[in-house]
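Undergrad: Input final-v8.txt, format and content: compact mmCIF, C-alpha atoms and all ligand atoms.
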```txt
# COMPACT_ATOMS: atom_id res chain seq x y z
CA MET A 5 -14.81 -112.81 82.76
CA ARG A 6 -15.55 -110.29 80.04
CA SER A 7 -17.99 -108.46 82.31
CA TRP A 8 -15.33 -108.25 85.05
CA LEU A 9 -12.82 -106.96 82.54
CA TYR A 10 -15.19 -104.30 81.21
CA ALA A 11 -16.34 -103.28 84.69
CA LEU A 12 -12.77 -102.94 85.92
CA GLY A 13 -11.69 -101.07 82.77
CA ASN A 14 -14.69 -98.77 83.07
CA HIS A 15 -13.88 -98.07 86.70
CA LEU A 16 -10.28 -97.23 85.81
CA GLY A 17 -11.32 -95.05 82.85
CA ILE A 18 -9.62 -97.34 80.35
CA PRO A 19 -11.34 -98.30 77.05
CA LYS A 20 -12.81 -101.73 77.55
CA CYS A 21 -11.04 -103.23 74.56
CA PHE A 22 -7.71 -102.39 76.16
CA GLY A 23 -7.74 -104.95 78.93
CA TYR A 24 -7.21 -108.64 78.49
CA CYS A 25 -7.36 -111.79 80.60
CA SER A 26 -4.79 -114.57 80.69
CA LEU A 27 -4.82 -117.87 82.48
CA ILE A 28 -1.39 -118.68 83.86
CA ALA A 29 -0.85 -122.39 84.37
CA VAL A 30 2.26 -123.70 86.11
CA ALA A 31 2.81 -127.46 86.07
CA ASP A 32 5.40 -127.64 88.81
CA GLU A 33 7.70 -125.62 91.04
CA PHE A 34 8.58 -122.43 89.12
CA THR A 35 9.98 -118.98 89.82
CA THR A 36 9.22 -115.97 87.63
CA PRO A 37 12.39 -113.91 88.03
CA LEU A 38 12.51 -110.37 89.35
CA HIS A 39 10.94 -108.02 86.81
CA LEU A 40 8.62 -105.08 86.32
CA ASP A 41 5.73 -104.75 83.90
CA THR A 42 4.20 -101.88 81.96
CA ASN A 43 0.72 -103.24 82.60
CA GLU A 44 -1.55 -102.61 85.53
CA ASN A 45 -2.03 -106.19 86.72
CA PHE A 46 -4.71 -107.84 88.79
CA THR A 47 -4.14 -111.48 89.64
CA ILE A 48 -6.58 -113.94 91.15
CA GLN A 49 -5.34 -117.30 92.36
CA ILE A 50 -7.56 -120.17 91.24
CA THR A 51 -5.79 -123.38 92.30
CA GLY A 52 -2.50 -124.04 94.12
CA THR A 53 -0.55 -121.26 95.81
CA LYS A 54 1.93 -118.61 94.73
CA ARG A 55 4.29 -116.48 96.76
CA TRP A 56 4.56 -112.90 95.56
CA LYS A 57 7.44 -110.68 96.66
CA ILE A 58 7.06 -106.99 95.90
CA TRP A 59 9.53 -104.13 96.25
CA HIS A 60 7.48 -100.97 95.76
CA ASP A 61 10.08 -98.58 97.19
CA ILE A 62 12.13 -98.68 93.98
CA THR A 63 9.27 -98.39 91.52
CA ILE A 64 10.05 -96.98 88.06
CA LYS A 65 7.51 -94.27 87.37
CA ASN A 66 5.33 -94.95 84.31
CA PRO A 67 7.58 -97.42 82.45
CA MET A 68 6.78 -98.07 78.80
CA HIS A 69 8.94 -101.20 78.60
CA ASN A 70 8.96 -104.40 80.61
CA CYS A 71 12.26 -105.10 82.33
CA ILE A 72 13.73 -108.32 83.69
CA ALA A 73 16.45 -107.64 86.26
CA SER A 74 18.72 -110.39 84.92
CA ARG A 75 18.53 -109.26 81.26
CA PRO A 76 20.04 -106.27 79.46
CA VAL A 77 17.98 -103.10 79.51
CA GLN A 78 16.37 -101.94 76.23
CA GLU A 79 17.92 -98.85 74.72
CA GLU A 80 14.75 -96.74 74.82
CA PHE A 81 14.10 -97.75 78.44
CA ARG A 82 17.45 -96.20 79.38
CA LEU A 83 16.26 -92.81 78.15
CA TYR A 84 13.95 -92.40 81.11
CA ALA A 85 15.12 -95.00 83.62
CA GLY A 86 18.87 -95.35 83.12
CA ASP A 87 19.83 -98.83 84.20
CA PRO A 88 17.41 -99.38 87.04
CA ARG A 89 18.12 -103.05 87.64
CA PRO A 90 18.59 -103.45 91.38
CA MET A 91 22.02 -104.91 92.21
CA SER A 92 20.80 -106.24 95.49
CA LEU A 93 17.46 -106.29 97.15
CA GLY A 94 16.64 -106.17 100.79
CA GLN A 95 13.54 -107.59 102.31
CA PRO A 96 10.51 -107.18 100.03
CA ASP A 97 7.96 -104.58 101.06
CA LEU A 98 5.29 -107.19 100.60
CA ASP A 99 5.77 -110.95 100.85
CA VAL A 100 2.46 -112.69 100.50
CA GLU A 101 1.14 -116.13 99.60
CA LEU A 102 -1.87 -116.14 97.33
CA ARG A 103 -4.28 -119.03 97.88
CA PRO A 104 -7.32 -120.02 95.84
CA GLY A 105 -9.73 -117.10 95.86
CA SER A 106 -7.23 -114.45 96.92
CA GLY A 107 -6.29 -111.56 94.65
CA LEU A 108 -3.52 -109.02 94.32
CA TYR A 109 -3.05 -105.75 92.44
CA VAL A 110 0.47 -105.17 91.12
CA PRO A 111 0.83 -101.64 89.75
CA ARG A 112 2.79 -100.72 86.68
CA GLY A 113 6.53 -100.33 87.29
CA VAL A 114 6.76 -102.28 90.55
CA TRP A 115 9.54 -104.87 90.84
CA HIS A 116 8.21 -108.28 91.73
CA GLU A 117 9.13 -111.95 91.80
CA VAL A 118 6.70 -114.86 91.89
CA GLU A 119 7.31 -118.37 93.19
CA ALA A 120 5.06 -121.34 92.66
CA SER A 121 6.07 -124.29 94.82
CA GLN A 122 3.51 -126.60 93.23
CA SER A 123 1.17 -126.68 90.26
CA SER A 124 -0.88 -123.53 90.09
CA LEU A 125 -3.56 -121.84 88.03
CA SER A 126 -4.19 -118.12 88.22
CA LEU A 127 -6.16 -115.52 86.32
CA ASN A 128 -4.43 -112.32 85.28
CA ILE A 129 -6.36 -109.23 84.26
CA ALA A 130 -4.05 -106.72 82.65
CA PHE A 131 -4.43 -103.17 81.35
CA PRO A 132 -1.60 -102.18 79.00
CA THR A 133 -0.33 -98.66 78.71
CA HIS A 134 -2.01 -96.07 76.54
CA THR A 135 0.04 -93.03 77.34
CA TRP A 136 -0.27 -89.33 76.60
CA ILE A 137 2.46 -89.93 74.03
CA ASP A 138 0.11 -92.32 72.20
CA VAL A 139 -2.62 -89.68 72.33
CA VAL A 140 -0.45 -86.78 71.20
CA ILE A 141 1.64 -88.37 68.41
CA PRO A 142 -1.33 -88.82 66.00
CA ILE A 143 -2.38 -85.21 66.70
CA ILE A 144 1.13 -83.99 65.88
CA ARG A 145 1.05 -86.00 62.68
CA ARG A 146 -2.25 -84.39 61.71
CA ALA A 147 -0.75 -80.96 62.32
CA LEU A 148 2.39 -81.61 60.26
CA ILE A 149 0.64 -83.36 57.40
CA ARG A 150 -0.85 -79.99 56.36
CA HIS A 151 2.59 -78.79 55.25
CA SER A 152 4.08 -80.07 51.99
CA LEU A 153 7.57 -79.74 53.47
CA TRP A 154 6.88 -82.39 56.09
CA ARG A 155 5.29 -84.64 53.46
CA GLU A 156 8.45 -84.66 51.39
CA ASN A 157 10.28 -87.95 51.06
CA ALA A 158 13.11 -87.95 53.57
CA TYR A 159 15.77 -88.56 50.96
CA GLY A 160 19.16 -88.79 52.55
CA MET A 161 17.69 -90.20 55.75
CA LEU A 162 16.13 -93.36 54.37
CA HIS A 163 18.26 -96.45 54.77
CA SER A 164 21.08 -94.39 56.21
CA ARG A 165 22.75 -94.59 59.54
CA SER A 166 22.67 -91.20 61.22
CA SER A 167 26.49 -91.04 61.09
CA HIS A 168 26.29 -91.18 57.29
CA VAL A 169 23.75 -88.40 56.86
CA SER A 170 25.21 -85.59 54.77
CA SER A 171 25.68 -82.13 56.25
CA SER A 172 23.16 -80.61 53.78
CA VAL A 173 20.50 -83.07 54.94
CA MET A 174 21.35 -82.28 58.55
CA ASP A 175 21.01 -78.55 57.76
CA GLN A 176 17.60 -79.19 56.23
CA LEU A 177 16.56 -81.17 59.28
CA GLU A 178 17.71 -78.41 61.59
CA ALA A 179 15.71 -75.84 59.61
CA MET A 180 12.65 -78.08 59.92
CA PHE A 181 13.12 -78.39 63.67
CA ASP A 182 13.34 -74.58 63.83
CA ARG A 183 9.92 -74.22 62.26
CA LEU A 184 8.44 -77.06 64.31
CA PRO A 185 7.00 -74.84 67.11
CA GLU A 186 5.15 -72.71 64.53
CA ASP A 187 3.87 -75.74 62.61
CA LEU A 188 2.62 -77.27 65.84
CA SER A 189 1.06 -74.05 67.05
CA THR A 190 -2.25 -75.04 65.41
CA ILE A 191 -2.64 -77.77 68.02
CA LYS A 192 -5.16 -76.77 70.64
CA SER A 193 -6.93 -78.80 73.27
CA GLU A 194 -9.95 -78.50 70.95
CA ASN A 195 -8.13 -80.84 68.55
CA PHE A 196 -8.12 -83.46 71.26
CA ARG A 197 -11.80 -83.11 71.94
CA ARG A 198 -12.68 -83.47 68.29
CA SER A 199 -10.27 -86.34 67.80
CA GLN A 200 -10.80 -87.99 71.13
CA SER A 201 -10.55 -91.38 69.56
CA CYS A 202 -7.55 -90.46 67.46
CA GLY A 203 -5.17 -92.81 69.22
CA LEU A 204 -7.82 -95.49 69.31
CA VAL A 205 -8.91 -95.42 65.71
CA GLY A 206 -5.53 -96.94 64.99
CA LEU A 207 -6.12 -99.68 67.51
CA LEU A 208 -5.44 -103.02 65.97
CA GLN A 209 -6.21 -106.48 67.19
CA ARG A 210 -4.93 -109.79 65.95
CA ASN A 211 -7.64 -111.95 64.47
CA PRO A 212 -7.24 -115.23 66.38
CA PHE A 213 -8.94 -117.15 63.56
CA THR A 214 -6.40 -116.31 60.90
CA SER A 215 -2.95 -117.78 60.71
CA PHE A 216 -0.08 -117.29 58.34
CA SER A 217 2.75 -119.38 57.00
CA ILE A 218 6.05 -118.23 55.60
CA PHE A 219 7.92 -120.00 52.84
CA PRO A 220 11.42 -119.00 51.72
CA LEU A 221 11.57 -118.43 47.99
CA GLU A 222 13.93 -120.69 46.18
CA GLY A 223 17.12 -118.95 45.09
CA LYS A 224 16.27 -115.75 46.96
CA VAL A 225 18.10 -114.75 50.09
CA SER A 226 15.57 -112.51 51.77
CA GLU A 227 12.28 -112.96 49.94
CA TYR A 228 9.44 -114.92 51.38
CA ARG A 229 5.99 -115.98 50.29
CA VAL A 230 3.50 -115.29 53.05
CA GLU A 231 0.19 -117.11 53.08
CA PHE A 232 -2.67 -115.91 55.28
CA VAL A 233 -5.08 -118.73 55.96
CA HIS A 234 -8.61 -118.25 57.19
CA PRO A 235 -10.12 -120.97 59.37
CA ASN A 236 -12.61 -122.19 56.78
CA MET A 237 -9.80 -122.32 54.18
CA SER A 238 -12.16 -120.65 51.71
CA LYS A 239 -10.08 -117.54 51.44
CA VAL A 240 -6.34 -117.59 51.14
CA PHE A 241 -4.40 -114.41 50.57
CA GLU A 242 -0.79 -114.64 49.65
CA THR A 243 1.93 -112.16 48.92
CA ILE A 244 5.69 -111.83 48.65
CA VAL A 245 7.59 -109.87 51.26
CA SER A 246 11.20 -108.95 50.91
CA SER A 247 11.68 -107.41 54.31
CA ASP A 248 12.35 -108.91 57.67
CA ILE A 249 9.32 -110.80 58.91
CA ALA A 250 9.86 -109.95 62.57
CA VAL A 251 6.98 -107.44 62.50
CA LEU A 252 4.52 -110.07 61.25
CA ASN A 253 5.76 -112.52 63.86
CA TRP A 254 5.30 -109.90 66.60
CA VAL A 255 1.78 -109.16 65.35
CA MET A 256 0.98 -112.86 65.35
CA GLU A 257 1.96 -113.19 69.01
CA GLN A 258 -0.24 -110.34 70.26
CA GLU A 259 -3.17 -111.34 72.39
CA ARG A 260 -4.36 -107.81 73.11
CA PRO A 261 -5.07 -104.75 70.98
CA PHE A 262 -2.18 -102.43 70.17
CA THR A 263 -1.58 -99.15 68.39
CA ILE A 264 0.65 -98.42 65.44
CA SER A 265 2.79 -96.23 67.66
CA GLU A 266 3.33 -99.18 69.98
CA LEU A 267 4.43 -101.23 66.98
CA ASN A 268 6.79 -98.42 65.96
CA ARG A 269 8.28 -98.45 69.45
CA GLN A 270 8.82 -102.19 69.27
CA PHE A 271 10.78 -101.81 66.04
CA PRO A 272 12.64 -98.52 66.35
CA ASN A 273 15.06 -99.45 63.58
CA TYR A 274 12.33 -99.98 61.00
CA GLU A 275 11.11 -97.26 58.70
CA ARG A 276 7.61 -96.26 59.76
CA SER A 277 6.42 -96.52 56.18
CA GLU A 278 7.65 -100.11 56.10
CA ILE A 279 5.75 -100.95 59.29
CA SER A 280 2.61 -99.30 57.86
CA ARG A 281 3.01 -101.37 54.71
CA ILE A 282 3.24 -104.60 56.71
CA VAL A 283 0.25 -103.63 58.87
CA ASP A 284 -1.72 -102.90 55.71
CA LEU A 285 -0.72 -106.31 54.40
CA ALA A 286 -1.80 -107.98 57.64
CA ILE A 287 -5.17 -106.20 57.51
CA ARG A 288 -5.72 -107.26 53.90
CA GLY A 289 -4.76 -110.81 54.84
CA GLY A 290 -7.30 -110.78 57.66
CA LEU A 291 -4.61 -111.26 60.30
CA LEU A 292 -5.30 -107.85 61.85
CA LEU A 293 -8.61 -106.27 62.64
CA ALA A 294 -9.06 -102.53 63.09
CA ASN A 295 -10.74 -102.08 66.44
CA SER A 296 -12.38 -98.74 67.08
CA ASP A 297 -14.53 -99.93 69.98
FE FE A 301 4.78 -109.59 86.21
```
Could you render the structure as structure tokens?
Ligand SMILES: [Fe+2]
TA:
Amino acid sequence: MRSWLYALGNHLGIPKCFGYCSLIAVADEFTTPLHLDTNENFTIQITGTKRWKIWHDITIKNPMHNCIASRPVQEEFRLYAGDPRPMSLGQPDLDVELRPGSGLYVPRGVWHEVEASQSSLSLNIAFPTHTWIDVVIPIIRRALIRHSLWRENAYGMLHSRSSHVSSSVMDQLEAMFDRLPEDLSTIKSENFRRSQSCGLVGLLQRNPFTSFSIFPLEGKVSEYRVEFVHPNMSKVFETIVSSDIAVLNWVMEQERPFTISELNRQFPNYERSEISRIVDLAIRGGLLLANSD
């Protein structure tokens, strides 16, 4: 399977470590509700049958968030797609039954619904997004980091809701935005060539052989002891975290590599420095591996 994955990724011009395979097993009759994915998906039916309904006429162009029609839309998704959930759907543009051996390509952003009327096993090969935003953001960071002004602690912004930010801080922010074009003017396409792997150097992958446990600390409301456990039990790293552990839980669930910027997008309300701290912790605990392949 790995050779298929690499060959397909190579053909699509996607780094090979970006794709991943999943086996999807359904025990009985089951419908995956109407949704769209950010991934480019290739599915191959192995046993049983599945009926795929696809509406490609109302595709969302280049989504960066998955969307299930019956669930609320994520705030960031609204910025580029509004509320795209179809109120009613006509006949699907494609209505096809996959049988053992048949395959289907479902592009990113296409609404689809899948029905299994019996037990079924299928293989999914997926290529997650790695957008121009992911490429450019690290380059912008490298441009701004040269200026002491941008490296200043953002006092007045940290732990504040934007409605509580003082007018002097807002003035400072406005002045910084004014100088942004000049500070970014050092960015040339040459930067991209030299730092081709910039977005990928930060590619992280969960180490499937390490697990972690969380123990509430007695008498403390929001402090936890986190234990990272390696499979041979010879090395146990433990630490105390006082922040929300949602980031660690998200990391633990990841089956494919991801970038820091993707993690930042998942947790828009977290301070970036806090996310970096937790990632650093997860790397030291062996839960995350840096993957520069
Ligand atoms: Fe899907």
Undergrad: Considering all atoms listed in the file, can you say which of A:Gln95, A:Asn273, A:Asn211, A:Thr53 comes closest to Glu33 of chain A?
TA: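 Nearest to Glu33 of chain A: A:Thr53.
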Undergrad: Give the answer as one residue: which of A:Ser26, A:Asn70, A:Asn253, A:Ser7 has the shortest atom-to-atom distance to ligand FE 301 (chain A), using only C-alpha atoms and all ligand atoms?
TA: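 Closest candidate: A:Asn70.
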Undergrad: Using only C-alpha atoms and all ligand atoms, I'd like a table of the residues in chain A that come within 7 Å of ligand FE 301 (chain A); for each, show the closest atom pair and its distance in Å rounded to one decimal, ordered by chain and ascending number, as CSV.
TA:
```
residue,atom,partner,partner_atom,distance
A:His39,CA,A:FE301,FE,6.4
A:Leu40,CA,A:FE301,FE,5.9
A:Asp41,CA,A:FE301,FE,5.4
A:His116,CA,A:FE301,FE,6.6
```
Undergrad: Rank A:Ala130, A:Val100, A:Leu38, A:Leu267 by their smallest atom-to-atom distance to Leu16 of chain A, using only C-alpha atoms, and report the top residue only.
TA: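 Selected residue with least distance to Leu16 of chain A: A:Ala130.
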Undergrad: Counting all atoms listed in the file, which residues have an atom no more than 12 Å from (6.1, -108.4, 58.9) in the file's coordinates? Please list them as JSON, numbers by chain.
TA: {"A": [216, 217, 218, 227, 228, 229, 230, 243, 244, 245, 246, 247, 248, 249, 250, 251, 252, 253, 254, 255, 256, 257, 267, 271, 274, 278, 279, 280, 281, 282, 283, 284, 285, 286, 287, 289, 291, 292]}
Undergrad: Need to verify the contact set: segment 183-191 of chain A, 10 Å, only C-alpha atoms, exclusion of same-chain residues closer than 3 positions in sequence. Can you return it as an MDAnalysis selection string?
TA: chainID A and resid 140 143:151 154 178:180 194:196
Undergrad: Given the point (10.6, -101.2, 91.3) in the coordinates of this file, which residues lie within 9 Å, counting only C-alpha atoms, and how would they look as a list in words?
TA: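 Using only C-alpha atoms, the matching residues come out as His39, Leu40, Ile58, Trp59, His60, Asp61, Ile62, Thr63, Ile64, Lys65, Pro88, Arg89, Pro90, Gly113, Val114, Trp115 and His116 of chain A.
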Undergrad: In Å, rounded to a single decimal, give me how far atom CA of Pro104 of chain A is from atom CA of Ile28 of chain A.
TA: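 Between atom CA of Ile28 of chain A and atom CA of Pro104 of chain A the gap works out to 13.4 Å.
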Undergrad: Find, counting all atoms listed in the file, the residue in A:Asn128, A:Asn45, A:Ser193, A:Ser170 that gets nearest to Arg112 of chain A.
TA: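 Looking only at the distances to Arg112 of chain A, the closest residue turns out to be A:Asn45.
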